[in-house]
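Colleague: Please find input-v5.csv (CSV, N, CA, C and O atoms) on the next line:
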```csv
chain,number,residue,atom,x,y,z
C,1,MET,N,21.4,-14.9,-13.7
C,1,MET,CA,20.7,-13.6,-14.0
C,1,MET,C,21.6,-12.5,-14.0
C,1,MET,O,22.4,-12.2,-13.1
C,2,GLU,N,21.6,-11.8,-15.2
C,2,GLU,CA,22.6,-10.7,-15.4
C,2,GLU,C,21.8,-9.4,-15.0
C,2,GLU,O,20.8,-9.0,-15.6
C,3,LEU,N,22.4,-8.7,-14.0
C,3,LEU,CA,21.8,-7.4,-13.5
C,3,LEU,C,22.8,-6.3,-13.7
C,3,LEU,O,24.0,-6.4,-13.4
C,4,ASN,N,22.3,-5.1,-14.1
C,4,ASN,CA,23.1,-3.9,-14.1
C,4,ASN,C,23.0,-3.2,-12.8
C,4,ASN,O,22.0,-2.6,-12.5
C,5,LEU,N,24.1,-3.3,-12.0
C,5,LEU,CA,24.1,-2.7,-10.7
C,5,LEU,C,25.2,-1.7,-10.5
C,5,LEU,O,26.2,-1.7,-11.2
C,6,ASP,N,25.0,-0.8,-9.5
C,6,ASP,CA,26.1,0.2,-9.2
C,6,ASP,C,27.0,-0.5,-8.3
C,6,ASP,O,26.9,-1.7,-7.9
C,7,GLY,N,28.0,0.2,-7.8
C,7,GLY,CA,29.1,-0.3,-6.9
C,7,GLY,C,28.5,-0.9,-5.6
C,7,GLY,O,29.2,-1.7,-5.0
C,8,GLU,N,27.4,-0.4,-5.2
C,8,GLU,CA,26.8,-0.9,-3.9
C,8,GLU,C,25.7,-2.0,-4.1
C,8,GLU,O,25.1,-2.4,-3.1
C,9,GLY,N,25.5,-2.3,-5.3
C,9,GLY,CA,24.5,-3.4,-5.6
C,9,GLY,C,23.1,-2.9,-5.9
C,9,GLY,O,22.1,-3.7,-5.9
C,10,PHE,N,22.9,-1.6,-6.1
C,10,PHE,CA,21.6,-1.0,-6.4
C,10,PHE,C,21.4,-1.2,-7.9
C,10,PHE,O,22.3,-1.0,-8.7
C,11,LEU,N,20.1,-1.5,-8.3
C,11,LEU,CA,19.8,-1.5,-9.8
C,11,LEU,C,20.0,-0.2,-10.4
C,11,LEU,O,19.7,0.8,-9.9
C,12,LEU,N,20.6,-0.2,-11.6
C,12,LEU,CA,20.8,1.0,-12.3
C,12,LEU,C,19.5,1.5,-13.1
C,12,LEU,O,19.3,2.6,-13.3
C,13,ASP,N,18.7,0.5,-13.4
C,13,ASP,CA,17.5,0.8,-14.1
C,13,ASP,C,16.3,0.2,-13.4
C,13,ASP,O,16.2,-1.0,-13.3
C,14,ARG,N,15.4,1.1,-12.8
C,14,ARG,CA,14.3,0.6,-12.0
C,14,ARG,C,13.4,-0.3,-12.8
C,14,ARG,O,12.7,-1.1,-12.2
C,15,ASP,N,13.3,-0.1,-14.1
C,15,ASP,CA,12.5,-1.0,-14.9
C,15,ASP,C,12.9,-2.4,-15.0
C,15,ASP,O,12.2,-3.3,-15.5
C,16,ASP,N,14.2,-2.7,-14.6
C,16,ASP,CA,14.7,-4.1,-14.6
C,16,ASP,C,14.1,-4.9,-13.4
C,16,ASP,O,14.3,-6.1,-13.3
C,17,TRP,N,13.4,-4.2,-12.5
C,17,TRP,CA,13.0,-4.8,-11.2
C,17,TRP,C,11.8,-5.8,-11.4
C,17,TRP,O,10.9,-5.6,-12.2
C,18,SER,N,11.9,-6.9,-10.7
C,18,SER,CA,10.8,-7.9,-10.6
C,18,SER,C,11.0,-8.6,-9.2
C,18,SER,O,12.0,-8.4,-8.5
C,19,GLU,N,10.0,-9.3,-8.8
C,19,GLU,CA,10.2,-10.1,-7.5
C,19,GLU,C,11.3,-11.0,-7.6
C,19,GLU,O,12.0,-11.2,-6.6
C,20,GLU,N,11.6,-11.6,-8.8
C,20,GLU,CA,12.7,-12.5,-8.9
C,20,GLU,C,14.0,-11.7,-8.8
C,20,GLU,O,15.0,-12.2,-8.1
C,21,VAL,N,14.1,-10.5,-9.3
C,21,VAL,CA,15.3,-9.7,-9.1
C,21,VAL,C,15.5,-9.4,-7.7
C,21,VAL,O,16.6,-9.5,-7.1
C,22,ALA,N,14.4,-9.0,-7.0
C,22,ALA,CA,14.5,-8.7,-5.5
C,22,ALA,C,15.1,-9.9,-4.8
C,22,ALA,O,16.0,-9.8,-3.9
C,23,LYS,N,14.6,-11.1,-5.1
C,23,LYS,CA,15.1,-12.3,-4.4
C,23,LYS,C,16.6,-12.6,-4.7
C,23,LYS,O,17.3,-13.0,-3.8
C,24,GLU,N,17.0,-12.3,-5.9
C,24,GLU,CA,18.4,-12.5,-6.3
C,24,GLU,C,19.3,-11.5,-5.6
C,24,GLU,O,20.3,-11.8,-5.1
C,25,LEU,N,18.8,-10.2,-5.5
C,25,LEU,CA,19.6,-9.2,-4.8
C,25,LEU,C,19.7,-9.5,-3.4
C,25,LEU,O,20.8,-9.4,-2.8
C,26,ALA,N,18.7,-10.0,-2.7
C,26,ALA,CA,18.7,-10.4,-1.3
C,26,ALA,C,19.6,-11.6,-1.1
C,26,ALA,O,20.3,-11.6,-0.1
C,27,LYS,N,19.6,-12.5,-2.1
C,27,LYS,CA,20.4,-13.7,-1.9
C,27,LYS,C,21.9,-13.3,-2.0
C,27,LYS,O,22.7,-13.9,-1.2
C,28,GLN,N,22.2,-12.3,-2.7
C,28,GLN,CA,23.6,-11.8,-2.8
C,28,GLN,C,24.0,-11.2,-1.4
C,28,GLN,O,25.2,-11.2,-1.0
C,29,ASP,N,23.0,-10.8,-0.6
C,29,ASP,CA,23.2,-10.3,0.7
C,29,ASP,C,23.0,-11.4,1.8
C,29,ASP,O,22.9,-11.1,3.0
C,30,GLU,N,22.8,-12.6,1.3
C,30,GLU,CA,22.6,-13.8,2.1
C,30,GLU,C,21.4,-13.7,3.0
C,30,GLU,O,21.3,-14.1,4.1
C,31,ILE,N,20.3,-13.2,2.3
C,31,ILE,CA,19.0,-13.0,3.0
C,31,ILE,C,18.0,-13.7,2.1
C,31,ILE,O,18.0,-13.6,0.9
C,32,GLU,N,17.0,-14.4,2.7
C,32,GLU,CA,15.9,-15.0,2.0
C,32,GLU,C,14.7,-14.1,2.2
C,32,GLU,O,14.3,-13.8,3.3
C,33,ILE,N,14.1,-13.7,1.1
C,33,ILE,CA,12.9,-12.8,1.2
C,33,ILE,C,11.7,-13.6,1.5
C,33,ILE,O,11.4,-14.6,0.7
C,34,ASP,N,11.0,-13.3,2.6
C,34,ASP,CA,9.7,-13.9,2.9
C,34,ASP,C,8.6,-13.0,2.4
C,34,ASP,O,8.8,-11.9,1.9
C,35,ASP,N,7.4,-13.4,2.7
C,35,ASP,CA,6.2,-12.6,2.3
C,35,ASP,C,6.1,-11.3,2.9
C,35,ASP,O,5.8,-10.3,2.3
C,36,GLN,N,6.5,-11.2,4.2
C,36,GLN,CA,6.5,-9.9,4.9
C,36,GLN,C,7.5,-8.9,4.3
C,36,GLN,O,7.2,-7.8,4.0
C,37,ILE,N,8.7,-9.4,4.0
C,37,ILE,CA,9.7,-8.5,3.3
C,37,ILE,C,9.2,-8.1,2.0
C,37,ILE,O,9.3,-6.9,1.6
C,38,MET,N,8.7,-9.0,1.2
C,38,MET,CA,8.2,-8.6,-0.2
C,38,MET,C,7.1,-7.6,-0.1
C,38,MET,O,7.0,-6.7,-0.9
C,39,ASP,N,6.2,-7.8,0.9
C,39,ASP,CA,5.1,-6.8,1.1
C,39,ASP,C,5.7,-5.4,1.4
C,39,ASP,O,5.2,-4.4,0.9
C,40,LEU,N,6.7,-5.4,2.3
C,40,LEU,CA,7.3,-4.1,2.6
C,40,LEU,C,8.0,-3.5,1.4
C,40,LEU,O,7.9,-2.2,1.2
C,41,ILE,N,8.6,-4.3,0.6
C,41,ILE,CA,9.2,-3.8,-0.7
C,41,ILE,C,8.1,-3.2,-1.6
C,41,ILE,O,8.3,-2.1,-2.1
C,42,HIS,N,7.0,-3.9,-1.8
C,42,HIS,CA,6.0,-3.4,-2.6
C,42,HIS,C,5.4,-2.1,-2.1
C,42,HIS,O,5.1,-1.2,-2.8
C,43,GLN,N,5.3,-2.0,-0.7
C,43,GLN,CA,4.8,-0.7,-0.2
C,43,GLN,C,5.7,0.4,-0.4
C,43,GLN,O,5.3,1.5,-0.7
C,44,ALA,N,7.0,0.2,-0.3
C,44,ALA,CA,8.0,1.2,-0.5
C,44,ALA,C,8.0,1.6,-2.0
C,44,ALA,O,8.1,2.8,-2.3
C,45,ARG,N,7.8,0.7,-2.9
C,45,ARG,CA,7.8,1.0,-4.3
C,45,ARG,C,6.6,1.8,-4.6
C,45,ARG,O,6.6,2.8,-5.4
C,46,HIS,N,5.4,1.5,-4.0
C,46,HIS,CA,4.2,2.3,-4.2
C,46,HIS,C,4.4,3.7,-3.7
C,46,HIS,O,4.0,4.7,-4.3
C,47,MET,N,5.0,3.9,-2.5
C,47,MET,CA,5.2,5.2,-1.9
C,47,MET,C,6.2,6.0,-2.8
C,47,MET,O,6.0,7.2,-3.0
C,48,TYR,N,7.2,5.3,-3.4
C,48,TYR,CA,8.1,6.0,-4.3
C,48,TYR,C,7.4,6.5,-5.5
C,48,TYR,O,7.6,7.6,-6.0
C,49,GLU,N,6.5,5.6,-6.1
C,49,GLU,CA,5.8,6.0,-7.3
C,49,GLU,C,4.8,7.2,-7.0
C,49,GLU,O,4.6,8.1,-7.8
C,50,GLU,N,4.2,7.2,-5.8
C,50,GLU,CA,3.3,8.3,-5.4
C,50,GLU,C,4.1,9.6,-5.2
C,50,GLU,O,3.6,10.7,-5.6
C,51,ASP,N,5.2,9.6,-4.4
C,51,ASP,CA,5.9,10.8,-4.0
C,51,ASP,C,7.1,11.1,-4.7
C,51,ASP,O,7.6,12.2,-4.6
C,52,GLY,N,7.7,10.2,-5.5
C,52,GLY,CA,8.9,10.4,-6.2
C,52,GLY,C,10.2,10.4,-5.4
C,52,GLY,O,11.2,10.7,-5.8
C,53,VAL,N,10.0,10.0,-4.1
C,53,VAL,CA,11.1,9.9,-3.2
C,53,VAL,C,11.0,8.7,-2.3
C,53,VAL,O,9.9,8.2,-2.1
C,54,VAL,N,12.1,8.2,-1.9
C,54,VAL,CA,12.1,7.1,-0.9
C,54,VAL,C,11.7,7.6,0.4
C,54,VAL,O,12.2,8.6,0.9
C,55,PRO,N,10.7,7.0,1.1
C,55,PRO,CA,10.3,7.6,2.4
C,55,PRO,C,11.3,7.4,3.5
C,55,PRO,O,12.0,6.3,3.5
C,56,PRO,N,11.4,8.3,4.4
C,56,PRO,CA,12.3,8.1,5.5
C,56,PRO,C,11.7,7.0,6.4
C,56,PRO,O,10.5,6.8,6.4
C,57,ILE,N,12.5,6.4,7.2
C,57,ILE,CA,12.1,5.2,7.9
C,57,ILE,C,10.9,5.5,8.9
C,57,ILE,O,10.0,4.7,9.0
C,58,ARG,N,10.9,6.7,9.5
C,58,ARG,CA,9.8,7.0,10.4
C,58,ARG,C,8.5,7.1,9.7
C,58,ARG,O,7.5,6.6,10.1
C,59,LYS,N,8.5,7.7,8.5
C,59,LYS,CA,7.3,7.9,7.7
C,59,LYS,C,6.9,6.5,7.2
C,59,LYS,O,5.7,6.1,7.2
C,60,PHE,N,7.8,5.7,6.7
C,60,PHE,CA,7.6,4.4,6.2
C,60,PHE,C,6.9,3.5,7.3
C,60,PHE,O,5.9,2.8,7.1
C,61,ALA,N,7.5,3.6,8.5
C,61,ALA,CA,7.0,2.8,9.6
C,61,ALA,C,5.6,3.2,10.0
C,61,ALA,O,4.7,2.3,10.1
C,62,LYS,N,5.3,4.5,10.0
C,62,LYS,CA,4.0,4.9,10.3
C,62,LYS,C,3.0,4.5,9.3
C,62,LYS,O,1.9,4.0,9.6
C,63,GLN,N,3.3,4.6,8.0
C,63,GLN,CA,2.4,4.3,6.9
C,63,GLN,C,2.2,2.8,6.8
C,63,GLN,O,1.1,2.4,6.3
C,64,THR,N,3.2,2.0,7.2
C,64,THR,CA,3.0,0.5,7.0
C,64,THR,C,2.5,-0.1,8.3
C,64,THR,O,2.1,-1.3,8.3
C,65,GLY,N,2.5,0.6,9.4
C,65,GLY,CA,2.1,0.1,10.7
C,65,GLY,C,3.1,-0.9,11.3
C,65,GLY,O,2.8,-1.6,12.2
C,66,VAL,N,4.3,-0.8,10.8
C,66,VAL,CA,5.4,-1.6,11.3
C,66,VAL,C,6.4,-0.6,12.0
C,66,VAL,O,6.8,0.3,11.4
C,67,SER,N,6.7,-0.8,13.3
C,67,SER,CA,7.5,0.1,14.0
C,67,SER,C,8.9,0.1,13.5
C,67,SER,O,9.4,-0.9,12.9
C,68,SER,N,9.7,1.2,13.7
C,68,SER,CA,11.1,1.2,13.3
C,68,SER,C,11.8,0.1,13.9
C,68,SER,O,12.7,-0.5,13.3
C,69,LYS,N,11.5,-0.2,15.2
C,69,LYS,CA,12.2,-1.3,15.9
C,69,LYS,C,12.0,-2.6,15.2
C,69,LYS,O,12.9,-3.4,15.0
C,70,GLU,N,10.7,-2.9,14.8
C,70,GLU,CA,10.4,-4.1,14.1
C,70,GLU,C,11.2,-4.2,12.7
C,70,GLU,O,11.6,-5.2,12.3
C,71,LEU,N,11.2,-3.0,12.0
C,71,LEU,CA,12.0,-3.0,10.8
C,71,LEU,C,13.4,-3.4,11.0
C,71,LEU,O,14.0,-4.1,10.2
C,72,TYR,N,14.0,-2.8,12.1
C,72,TYR,CA,15.4,-3.2,12.4
C,72,TYR,C,15.5,-4.7,12.8
C,72,TYR,O,16.5,-5.3,12.5
C,73,ASP,N,14.5,-5.2,13.5
C,73,ASP,CA,14.5,-6.6,13.8
C,73,ASP,C,14.5,-7.5,12.6
C,73,ASP,O,15.1,-8.5,12.5
C,74,ILE,N,13.7,-7.1,11.6
C,74,ILE,CA,13.5,-7.8,10.3
C,74,ILE,C,14.8,-7.7,9.5
C,74,ILE,O,15.3,-8.7,9.0
C,75,PHE,N,15.3,-6.5,9.3
C,75,PHE,CA,16.4,-6.3,8.4
C,75,PHE,C,17.8,-6.2,9.0
C,75,PHE,O,18.8,-6.1,8.3
C,76,LYS,N,17.8,-6.2,10.3
C,76,LYS,CA,19.1,-6.1,11.1
C,76,LYS,C,19.9,-4.8,10.9
C,76,LYS,O,20.3,-4.2,11.8
C,77,ARG,N,20.1,-4.5,9.6
C,77,ARG,CA,20.9,-3.2,9.4
C,77,ARG,C,20.3,-2.4,8.3
C,77,ARG,O,20.0,-3.0,7.2
C,78,GLY,N,20.2,-1.2,8.5
C,78,GLY,CA,19.7,-0.2,7.5
C,78,GLY,C,18.4,-0.7,6.7
C,78,GLY,O,18.5,-1.0,5.5
C,79,PRO,N,17.3,-0.8,7.4
C,79,PRO,CA,16.1,-1.3,6.7
C,79,PRO,C,15.7,-0.6,5.4
C,79,PRO,O,15.5,-1.3,4.4
C,80,MET,N,15.7,0.7,5.4
C,80,MET,CA,15.3,1.4,4.2
C,80,MET,C,16.4,1.2,3.1
C,80,MET,O,16.0,1.1,1.9
C,81,LYS,N,17.6,1.1,3.5
C,81,LYS,CA,18.6,0.9,2.4
C,81,LYS,C,18.4,-0.5,1.8
C,81,LYS,O,18.4,-0.6,0.5
C,82,LEU,N,18.1,-1.5,2.6
C,82,LEU,CA,17.9,-2.8,2.0
C,82,LEU,C,16.6,-2.9,1.3
C,82,LEU,O,16.5,-3.5,0.2
C,83,ILE,N,15.5,-2.3,1.8
C,83,ILE,CA,14.3,-2.3,1.1
C,83,ILE,C,14.4,-1.6,-0.3
C,83,ILE,O,13.9,-2.1,-1.3
C,84,CYS,N,15.1,-0.5,-0.3
C,84,CYS,CA,15.3,0.2,-1.6
C,84,CYS,C,16.2,-0.6,-2.5
C,84,CYS,O,16.0,-0.7,-3.7
C,85,LYS,N,17.3,-1.2,-2.0
C,85,LYS,CA,18.2,-2.0,-2.8
C,85,LYS,C,17.5,-3.2,-3.4
C,85,LYS,O,17.6,-3.4,-4.6
C,86,TRP,N,16.8,-3.9,-2.6
C,86,TRP,CA,16.1,-5.1,-3.1
C,86,TRP,C,14.9,-4.7,-3.9
C,86,TRP,O,14.4,-5.5,-4.8
C,87,GLY,N,14.3,-3.5,-3.7
C,87,GLY,CA,13.1,-3.1,-4.4
C,87,GLY,C,13.4,-2.3,-5.6
C,87,GLY,O,12.5,-1.8,-6.3
C,88,GLY,N,14.7,-2.2,-6.0
C,88,GLY,CA,15.0,-1.5,-7.3
C,88,GLY,C,14.8,0.0,-7.2
C,88,GLY,O,14.6,0.7,-8.2
C,89,LEU,N,14.8,0.5,-6.0
C,89,LEU,CA,14.7,2.0,-5.8
C,89,LEU,C,16.0,2.7,-5.6
C,89,LEU,O,17.0,2.0,-5.2
C,90,PRO,N,16.0,4.0,-5.7
C,90,PRO,CA,17.3,4.7,-5.5
C,90,PRO,C,17.7,4.6,-4.0
C,90,PRO,O,16.9,4.4,-3.1
C,91,LYS,N,19.0,4.7,-3.8
C,91,LYS,CA,19.5,4.7,-2.4
C,91,LYS,C,18.8,5.8,-1.6
C,91,LYS,O,18.8,7.0,-2.1
C,92,PRO,N,18.4,5.5,-0.4
C,92,PRO,CA,17.7,6.6,0.4
C,92,PRO,C,18.7,7.7,0.7
C,92,PRO,O,19.9,7.5,0.9
C,93,THR,N,18.1,8.9,0.8
C,93,THR,CA,19.0,10.1,1.2
C,93,THR,C,19.3,9.9,2.7
C,93,THR,O,18.5,9.4,3.4
C,94,GLY,N,20.4,10.4,3.0
C,94,GLY,CA,20.9,10.3,4.4
C,94,GLY,C,21.4,8.9,4.7
C,94,GLY,O,21.8,8.6,5.8
C,95,CYS,N,21.5,8.1,3.7
C,95,CYS,CA,22.0,6.7,3.9
C,95,CYS,C,23.4,6.7,3.3
C,95,CYS,O,23.6,7.0,2.2
C,96,VAL,N,24.4,6.4,4.2
C,96,VAL,CA,25.8,6.4,3.7
C,96,VAL,C,26.4,5.0,3.6
C,96,VAL,O,25.8,4.1,4.2
```
Before we go any further, please render this structure as structure tokens.
Modeller:
Amino acid sequence: MELNLDGEGFLLDRDDWSEEVAKELAKQDEIEIDDQIMDLIHQARHMYEEDGVVPPIRKFAKQTGVSSKELYDIFKRGPMKLICKWGGLPKPTGCV
């Protein structure tokens, strides 16, 4: 699968995104996407489409009903960065 990515592995064109692309991006990070992770990705994509910005983790946790701690348990490092990366969204602000 040929993907146009930036230096950090984020999709350059959001329109290239699909669930298959998400799985491929996660595989490059040595993560297997399960239904819960895919659901969180879809919710983040929906919020981005509604608001035009990637939600901060606190807002995302509140709107999804998943605590920040649970998000860190699921994603281990930088939940919003990985959700955005695998979800074909821009890198979250405040994320270095």
Colleague: Return the single residue from C:Lys91, C:Glu20, C:Gly52, C:Lys59 that is closest to Glu32 of chain C, with distances computed using only C-alpha atoms.
Modeller: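 Ranked by minimum distance to Glu32 of chain C, first place goes to C:Glu20.
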Colleague: Apply DSSP to the structure's backbone, then extract all residues of chain C labelled alpha helix (DSSP H) and return them as a ChimeraX atom specification.
Modeller: /C:19-28,35-51,57-64,68-75,79-86
Colleague: Could you jot down the atom CA of Gly9 of chain C to atom N of Ile31 of chain C separation for me, Å, one decimal place?
Modeller: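 The value is 13.3 Å.
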Colleague: Considering only C-alpha atoms, return as a PyMOL selection string whatever protein or nucleic-acid residues lie within 9 Å of Gly88 of chain C, sequence-local ones (same chain, fewer than 5 positions apart) excluded.
Modeller: chain C and resi 10-18+21-22+45+83
Colleague: How would the residues just picked look written out with N, CA, C and O atoms as a PDB file, keeping the file's coordinate frame?
Modeller:
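Now in part.pdb:
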```pdb
ATOM      1  N   PHE C  10      22.900  -1.600  -6.100  1.00  0.00           N
ATOM      2  CA  PHE C  10      21.600  -1.000  -6.400  1.00  0.00           C
ATOM      3  C   PHE C  10      21.400  -1.200  -7.900  1.00  0.00           C
ATOM      4  O   PHE C  10      22.300  -1.000  -8.700  1.00  0.00           O
ATOM      5  N   LEU C  11      20.100  -1.500  -8.300  1.00  0.00           N
ATOM      6  CA  LEU C  11      19.800  -1.500  -9.800  1.00  0.00           C
ATOM      7  C   LEU C  11      20.000  -0.200 -10.400  1.00  0.00           C
ATOM      8  O   LEU C  11      19.700   0.800  -9.900  1.00  0.00           O
ATOM      9  N   LEU C  12      20.600  -0.200 -11.600  1.00  0.00           N
ATOM     10  CA  LEU C  12      20.800   1.000 -12.300  1.00  0.00           C
ATOM     11  C   LEU C  12      19.500   1.500 -13.100  1.00  0.00           C
ATOM     12  O   LEU C  12      19.300   2.600 -13.300  1.00  0.00           O
ATOM     13  N   ASP C  13      18.700   0.500 -13.400  1.00  0.00           N
ATOM     14  CA  ASP C  13      17.500   0.800 -14.100  1.00  0.00           C
ATOM     15  C   ASP C  13      16.300   0.200 -13.400  1.00  0.00           C
ATOM     16  O   ASP C  13      16.200  -1.000 -13.300  1.00  0.00           O
ATOM     17  N   ARG C  14      15.400   1.100 -12.800  1.00  0.00           N
ATOM     18  CA  ARG C  14      14.300   0.600 -12.000  1.00  0.00           C
ATOM     19  C   ARG C  14      13.400  -0.300 -12.800  1.00  0.00           C
ATOM     20  O   ARG C  14      12.700  -1.100 -12.200  1.00  0.00           O
ATOM     21  N   ASP C  15      13.300  -0.100 -14.100  1.00  0.00           N
ATOM     22  CA  ASP C  15      12.500  -1.000 -14.900  1.00  0.00           C
ATOM     23  C   ASP C  15      12.900  -2.400 -15.000  1.00  0.00           C
ATOM     24  O   ASP C  15      12.200  -3.300 -15.500  1.00  0.00           O
ATOM     25  N   ASP C  16      14.200  -2.700 -14.600  1.00  0.00           N
ATOM     26  CA  ASP C  16      14.700  -4.100 -14.600  1.00  0.00           C
ATOM     27  C   ASP C  16      14.100  -4.900 -13.400  1.00  0.00           C
ATOM     28  O   ASP C  16      14.300  -6.100 -13.300  1.00  0.00           O
ATOM     29  N   TRP C  17      13.400  -4.200 -12.500  1.00  0.00           N
ATOM     30  CA  TRP C  17      13.000  -4.800 -11.200  1.00  0.00           C
ATOM     31  C   TRP C  17      11.800  -5.800 -11.400  1.00  0.00           C
ATOM     32  O   TRP C  17      10.900  -5.600 -12.200  1.00  0.00           O
ATOM     33  N   SER C  18      11.900  -6.900 -10.700  1.00  0.00           N
ATOM     34  CA  SER C  18      10.800  -7.900 -10.600  1.00  0.00           C
ATOM     35  C   SER C  18      11.000  -8.600  -9.200  1.00  0.00           C
ATOM     36  O   SER C  18      12.000  -8.400  -8.500  1.00  0.00           O
ATOM     37  N   VAL C  21      14.100 -10.500  -9.300  1.00  0.00           N
ATOM     38  CA  VAL C  21      15.300  -9.700  -9.100  1.00  0.00           C
ATOM     39  C   VAL C  21      15.500  -9.400  -7.700  1.00  0.00           C
ATOM     40  O   VAL C  21      16.600  -9.500  -7.100  1.00  0.00           O
ATOM     41  N   ALA C  22      14.400  -9.000  -7.000  1.00  0.00           N
ATOM     42  CA  ALA C  22      14.500  -8.700  -5.500  1.00  0.00           C
ATOM     43  C   ALA C  22      15.100  -9.900  -4.800  1.00  0.00           C
ATOM     44  O   ALA C  22      16.000  -9.800  -3.900  1.00  0.00           O
ATOM     45  N   ARG C  45       7.800   0.700  -2.900  1.00  0.00           N
ATOM     46  CA  ARG C  45       7.800   1.000  -4.300  1.00  0.00           C
ATOM     47  C   ARG C  45       6.600   1.800  -4.600  1.00  0.00           C
ATOM     48  O   ARG C  45       6.600   2.800  -5.400  1.00  0.00           O
ATOM     49  N   ILE C  83      15.500  -2.300   1.800  1.00  0.00           N
ATOM     50  CA  ILE C  83      14.300  -2.300   1.100  1.00  0.00           C
ATOM     51  C   ILE C  83      14.400  -1.600  -0.300  1.00  0.00           C
ATOM     52  O   ILE C  83      13.900  -2.100  -1.300  1.00  0.00           O
TER      53      ILE C  83
END
```
Colleague: From the list C:Gly7, C:Asp35, C:Leu40, C:Lys27, which residue is nearest Cys84 of chain C when using all atoms listed in the file?
Modeller: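 Using all atoms listed in the file, Cys84 of chain C sits closest to C:Leu40.
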Colleague: Rounded to one decimal, what separation in Å do you get between atom N of Asn4 of chain C and atom N of Glu24 of chain C?
Modeller: 12.1 Å
